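Presented below is the structure to which this report refers.
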Amino acid sequence: MNLEEVFIRHPLLAARGRDVRRAIRYVERQSHLIELNCGLINMVSNLQLFGEQPFVLIFDEFHFRHVPNVLLSRWKSLAIAAANMDGTKFKFLYLQVVPTDVHVLGSNEIYEGLKVVVTSILNLGLAQNVCGVISDRRTANLKSLQYVANYFPVLWDEVHMKKKLVTRYKDTVDRLGKIYGSTFERNTWKQKFSEITSSTPNELEEFNSNEVLNLKKLLALNFAKSSTPLNLSRVNSSDLELRGFILTSHVYDILKFIHVTDADKFTDIRAAIQYFSRVVGIVTFIYN
């Protein structure tokens, strides 16, 4: 069966044939077919949906549940997404899937993926709308963060920052927590921010100054474009992780169904990457 038949026969998508066909046309568009066949799902055209709204970039990795009873059963994906500042719009921009039985998704792959997204932002003239880049700052991300810091403020995802620092650097976490927990308004944010950051803990002084400076840059960039009050508690990777869970669950459900009819797609590495990238791309398009 071809992919359209597989998806339409699935019980959850039987009534969504039109959405399936639109997704296949988008994912397999000629301009990005070479990328797709290498496991790269390019959706940077979604950037245009943000118009003049300020937004942040977020990136992370997703682990897919093991595909049952096939040779290449373990898969991982780099995911880069954009979210506007009030949390009402979220779009995937770029994914790369790899079978981790035979490939590594490392710092070079993350770096190249971010370069694609940043280059598209610059070419579309949207750089002034990007308020920051959010990540969990694991080691594999450091090369990419050094690169994007040339263009945008780089911030540690609040949730991961607290988990990493809270046991040893409570004062730093408390101070940054006050910033993240506050609601800022266009005409008063500078004064409020200054009041919160007037006393600096001695611990992690360099980290403190860099993180606070980048939070200040984020606020300035946001309020240059928007007059809507902003609470920074939304500036984290929680939405990405939640959507990643939903995405990987749907992909696993589809793959279990595919396994019954097309298990041979996962015996050859090249064919498996081409097939898996299409499944992930179609599911992402439908549910994003």
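Residues are referred to by chain and number: the chain letter is A, B, ... according to the order shown in the structure tokens, the number counts from 1 in that chain, and ligands are numbered separately from 1 in the order shown.
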
Could you name the residues that touch Gly132 in chain A at 10 Å or less, counting only C-alpha atoms, but leaving out those on the same chain fewer than 5 positions away, as a short mmCIF file (atom, residue, chain, number, x, y, z; two decimals) with N, CA, C and O atoms, in the first residue's frame?
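Below you can see around04.cif, which holds the result:
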data_model
loop_
_atom_site.label_atom_id
_atom_site.label_comp_id
_atom_site.auth_asym_id
_atom_site.auth_seq_id
_atom_site.Cartn_x
_atom_site.Cartn_y
_atom_site.Cartn_z
N PRO A 54 6.00 38.79 17.57
CA PRO A 54 7.28 38.33 18.15
C PRO A 54 7.17 36.87 18.56
O PRO A 54 6.11 36.41 18.99
N PHE A 55 8.28 36.13 18.42
CA PHE A 55 8.25 34.71 18.76
C PHE A 55 9.63 34.26 19.22
O PHE A 55 10.63 34.98 19.09
N VAL A 56 9.67 33.07 19.80
CA VAL A 56 10.93 32.45 20.19
C VAL A 56 11.11 31.15 19.42
O VAL A 56 10.14 30.54 18.96
N LEU A 57 12.36 30.75 19.27
CA LEU A 57 12.68 29.43 18.73
C LEU A 57 12.96 28.50 19.90
O LEU A 57 13.56 28.90 20.90
N ILE A 58 12.52 27.26 19.77
CA ILE A 58 12.75 26.24 20.80
C ILE A 58 13.24 24.98 20.09
O ILE A 58 12.72 24.63 19.03
N VAL A 148 23.81 30.50 17.32
CA VAL A 148 22.62 31.36 17.31
C VAL A 148 22.79 32.60 18.18
O VAL A 148 22.10 33.60 17.98
N ALA A 149 23.74 32.54 19.14
CA ALA A 149 23.99 33.72 19.98
C ALA A 149 24.51 34.90 19.17
O ALA A 149 24.46 36.05 19.63
N TYR A 151 23.05 35.96 16.67
CA TYR A 151 21.86 36.58 16.08
C TYR A 151 20.78 36.93 17.11
O TYR A 151 20.13 37.97 16.99
N PHE A 152 20.59 36.06 18.11
CA PHE A 152 19.46 36.21 19.02
C PHE A 152 19.88 35.93 20.46
O PHE A 152 20.85 35.20 20.69
N PRO A 153 19.13 36.47 21.44
CA PRO A 153 19.40 36.10 22.83
C PRO A 153 19.18 34.60 23.04
O PRO A 153 18.24 34.02 22.51
N VAL A 154 20.07 33.99 23.81
CA VAL A 154 19.99 32.56 24.10
C VAL A 154 19.62 32.38 25.56
O VAL A 154 20.26 32.95 26.45
N LEU A 155 18.60 31.57 25.80
CA LEU A 155 18.09 31.40 27.16
C LEU A 155 17.99 29.92 27.53
O LEU A 155 17.66 29.08 26.69
N ASN A 214 20.18 38.45 28.81
CA ASN A 214 19.41 37.90 27.70
C ASN A 214 17.91 37.96 27.95
O ASN A 214 17.12 38.16 27.02
N LEU A 215 17.50 37.82 29.20
CA LEU A 215 16.08 38.01 29.53
C LEU A 215 15.67 39.46 29.28
O LEU A 215 14.57 39.72 28.78
N LYS A 217 17.06 41.47 27.08
CA LYS A 217 17.00 41.62 25.62
C LYS A 217 15.70 41.06 25.07
O LYS A 217 15.09 41.64 24.18
N LEU A 218 15.30 39.90 25.60
CA LEU A 218 14.05 39.29 25.14
C LEU A 218 12.87 40.22 25.38
O LEU A 218 12.02 40.41 24.51
N LEU A 219 12.81 40.81 26.57
CA LEU A 219 11.71 41.72 26.88
C LEU A 219 11.73 42.94 25.96
O LEU A 219 10.68 43.38 25.47
N LEU A 221 12.97 43.19 22.92
CA LEU A 221 12.57 42.79 21.57
C LEU A 221 11.06 42.56 21.50
O LEU A 221 10.41 42.92 20.52
N ASN A 222 10.52 41.94 22.53
CA ASN A 222 9.08 41.68 22.54
C ASN A 222 8.27 42.97 22.54
O ASN A 222 7.35 43.15 21.73
N VAL A 235 7.89 31.11 28.55
CA VAL A 235 9.10 31.00 27.74
C VAL A 235 9.90 29.79 28.21
O VAL A 235 10.87 29.90 28.95
#

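Here CA of Thr100 in chain A and CA of Trp75 in chain A stand 5.4 Å from one another.
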
Problem set entry | One-decimal distance in Å that lies between CA of Ser249 in chain A and CA of Ala14 in chain A |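 Distance between the two atoms: 17.8 Å.
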
Got a sec: who's within 9 Å of Val116 in chain A, counting only C-alpha atoms, leaving out chain neighbours fewer than 3 positions off, as an mmCIF file with N, CA, C and O atoms, in the first residue's frame?
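The resulting selection_14.cif:
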data_model
loop_
_atom_site.group_PDB
_atom_site.id
_atom_site.type_symbol
_atom_site.label_atom_id
_atom_site.label_comp_id
_atom_site.auth_asym_id
_atom_site.auth_seq_id
_atom_site.Cartn_x
_atom_site.Cartn_y
_atom_site.Cartn_z
ATOM 1 N N ASN A 42 11.535 19.595 6.336
ATOM 2 C CA ASN A 42 11.663 21.049 6.301
ATOM 3 C C ASN A 42 10.278 21.682 6.269
ATOM 4 O O ASN A 42 9.541 21.536 5.294
ATOM 5 N N VAL A 44 9.947 25.112 7.320
ATOM 6 C CA VAL A 44 10.251 26.502 7.664
ATOM 7 C C VAL A 44 9.252 27.486 7.049
ATOM 8 O O VAL A 44 9.176 28.639 7.484
ATOM 9 N N TYR A 94 11.275 22.388 11.676
ATOM 10 C CA TYR A 94 12.309 21.506 11.127
ATOM 11 C C TYR A 94 12.433 20.287 12.021
ATOM 12 O O TYR A 94 12.481 20.408 13.249
ATOM 13 N N TYR A 111 23.354 21.558 14.927
ATOM 14 C CA TYR A 111 23.914 22.800 14.379
ATOM 15 C C TYR A 111 23.424 23.046 12.952
ATOM 16 O O TYR A 111 22.980 24.152 12.610
ATOM 17 N N GLU A 112 23.486 22.023 12.110
ATOM 18 C CA GLU A 112 23.061 22.182 10.719
ATOM 19 C C GLU A 112 21.561 22.475 10.631
ATOM 20 O O GLU A 112 21.120 23.266 9.790
ATOM 21 N N GLY A 113 20.779 21.845 11.491
ATOM 22 C CA GLY A 113 19.341 22.110 11.499
ATOM 23 C C GLY A 113 19.031 23.543 11.880
ATOM 24 O O GLY A 113 18.201 24.211 11.240
ATOM 25 N N THR A 119 18.874 30.727 8.747
ATOM 26 C CA THR A 119 19.037 31.270 7.396
ATOM 27 C C THR A 119 17.688 31.643 6.794
ATOM 28 O O THR A 119 17.545 32.698 6.151
ATOM 29 N N SER A 120 16.688 30.808 7.005
ATOM 30 C CA SER A 120 15.344 31.107 6.499
ATOM 31 C C SER A 120 14.774 32.352 7.161
ATOM 32 O O SER A 120 14.143 33.188 6.500
ATOM 33 N N ILE A 121 14.992 32.489 8.461
ATOM 34 C CA ILE A 121 14.516 33.678 9.183
ATOM 35 C C ILE A 121 15.157 34.936 8.610
ATOM 36 O O ILE A 121 14.481 35.947 8.369
#

Problem set entry | All residues 9 Å or closer to Gly177 in chain A, only C-alpha atoms, same chain fewer than 6 positions away omitted, as a PyMOL selection string | chain A and resi 158+162+233

Could the residues in this selection be written to a file with all heavy atoms, as a PDB file, in the first residue's frame?
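What ended up in selection_0.pdb:
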ATOM      1  N   GLU A 158      13.487  27.455  31.489  1.00  0.00           N
ATOM      2  CA  GLU A 158      13.313  27.651  32.932  1.00  0.00           C
ATOM      3  C   GLU A 158      13.193  26.330  33.691  1.00  0.00           C
ATOM      4  O   GLU A 158      13.806  26.143  34.747  1.00  0.00           O
ATOM      5  CB  GLU A 158      12.072  28.503  33.201  1.00  0.00           C
ATOM      6  CG  GLU A 158      11.857  28.774  34.681  1.00  0.00           C
ATOM      7  CD  GLU A 158      10.473  29.302  34.995  1.00  0.00           C
ATOM      8  OE1 GLU A 158       9.623  29.325  34.094  1.00  0.00           O
ATOM      9  OE2 GLU A 158      10.249  29.675  36.163  1.00  0.00           O
ATOM     10  N   LYS A 162      15.990  25.145  36.501  1.00  0.00           N
ATOM     11  CA  LYS A 162      15.695  24.934  37.919  1.00  0.00           C
ATOM     12  C   LYS A 162      16.115  23.541  38.374  1.00  0.00           C
ATOM     13  O   LYS A 162      16.690  23.367  39.453  1.00  0.00           O
ATOM     14  CB  LYS A 162      14.204  25.152  38.177  1.00  0.00           C
ATOM     15  CG  LYS A 162      13.785  26.609  38.138  1.00  0.00           C
ATOM     16  CD  LYS A 162      12.308  26.761  38.440  1.00  0.00           C
ATOM     17  CE  LYS A 162      11.915  28.234  38.513  1.00  0.00           C
ATOM     18  NZ  LYS A 162      10.468  28.408  38.787  1.00  0.00           N
ATOM     19  N   SER A 233       6.848  33.040  32.205  1.00  0.00           N
ATOM     20  CA  SER A 233       6.704  31.629  32.557  1.00  0.00           C
ATOM     21  C   SER A 233       6.356  30.780  31.343  1.00  0.00           C
ATOM     22  O   SER A 233       6.528  29.562  31.354  1.00  0.00           O
ATOM     23  CB  SER A 233       5.629  31.447  33.635  1.00  0.00           C
ATOM     24  OG  SER A 233       4.360  31.862  33.150  1.00  0.00           O
TER      25      SER A 233
END

For this session: Could you pull out the residues in range 43-201 of chain A that DSSP calls strand (DSSP E or B) from the backbone, as number ranges by chain?
Result: A: 55-63, 75-84, 90-99, 130-135, 154-156, 183-184

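Here CA of Asn129 in chain A stands at a distance of 11.3 Å from CA of Ala83 in chain A.
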
Seminar exercise, completed: Nearest to Asp60 in chain A, restricted to only C-alpha atoms and choosing among A:Lys89, A:Arg74, A:Arg16, A:His160, comes out as A:His160

Problem set entry | Residues within 7 Å of Leu36 in chain A, only C-alpha atoms, excluding chain neighbours under 4 positions, as a PyMOL selection string | chain A and resi 32+40-41+274+277

Residues from last step as file, N, CA, C and O atoms, as a JSON list (two decimals), in the first residue's frame:
[["chain", "number", "residue", "atom", "x", "y", "z"],
["A", 32, "HIS", "N", 11.86, 20.16, -1.56],
["A", 32, "HIS", "CA", 12.50, 19.63, -0.35],
["A", 32, "HIS", "C", 12.59, 18.11, -0.36],
["A", 32, "HIS", "O", 12.82, 17.50, 0.69],
["A", 40, "LEU", "N", 15.25, 14.62, 6.68],
["A", 40, "LEU", "CA", 15.05, 16.01, 7.09],
["A", 40, "LEU", "C", 13.66, 16.48, 6.66],
["A", 40, "LEU", "O", 13.32, 16.44, 5.47],
["A", 41, "ILE", "N", 12.88, 16.94, 7.61],
["A", 41, "ILE", "CA", 11.52, 17.40, 7.32],
["A", 41, "ILE", "C", 11.50, 18.91, 7.46],
["A", 41, "ILE", "O", 11.50, 19.46, 8.57],
["A", 274, "GLN", "N", 13.71, 7.08, 4.53],
["A", 274, "GLN", "CA", 12.77, 7.74, 3.63],
["A", 274, "GLN", "C", 11.32, 7.53, 4.08],
["A", 274, "GLN", "O", 10.51, 8.46, 4.07],
["A", 277, "SER", "N", 10.68, 9.26, 7.70],
["A", 277, "SER", "CA", 10.59, 10.72, 7.61],
["A", 277, "SER", "C", 9.25, 11.15, 7.03],
["A", 277, "SER", "O", 8.68, 12.16, 7.45]]

Problem set entry | Residue among A:Leu176, A:Val283, A:Ala140, A:Val6 lying closest to Val104 in chain A, counting only C-alpha atoms |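 Residue with the minimum atom-to-atom distance to Val104 in chain A: A:Ala140.
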
Problem set entry | Close residues, His250 in chain A itself excluded, 12 Å, only C-alpha atoms, min 2 positions apart in chain, as a ChimeraX atom specification | /A:7,10,12-13,64-65,243-248,252-257,279-288

For this session: Determine which residues of range 57-258 of chain A receive a DSSP assignment of alpha helix (DSSP H), computed from the backbone, and state them as number ranges by chain.
Result: A: 107-123, 142-148, 158-165, 170-181, 189-196, 205-225, 238-258

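With only C-alpha atoms as the atoms that count, the minimum distance from Phe223 in chain A to the choices A:Leu114, A:Met85, A:Leu145, A:Leu124 is reached by A:Met85.
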
Could you list, as a compact mmCIF listing (two decimals) with C-alpha atoms, in the first residue's frame, every residue within 7 Å of Asp157 in chain A, counting only C-alpha atoms and ignoring same-chain residues fewer than 5 positions away?
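In the end it all went to around.txt:
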# COMPACT_ATOMS: atom_id res chain seq x y z
CA ILE A 134 15.28 28.41 24.20
CA SER A 135 17.02 25.10 24.94
CA ASP A 136 17.89 22.77 27.79
CA ASN A 236 10.15 27.39 28.17
CA SER A 237 10.19 24.10 26.31

Exercise. Which one is closest to His66 in chain A: A:Asn37, A:Ala15, A:Gly181, A:Val251? Count only C-alpha atoms.
Worked result: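 Once distances to His66 in chain A are computed over only C-alpha atoms, the minimum belongs to A:Val251.
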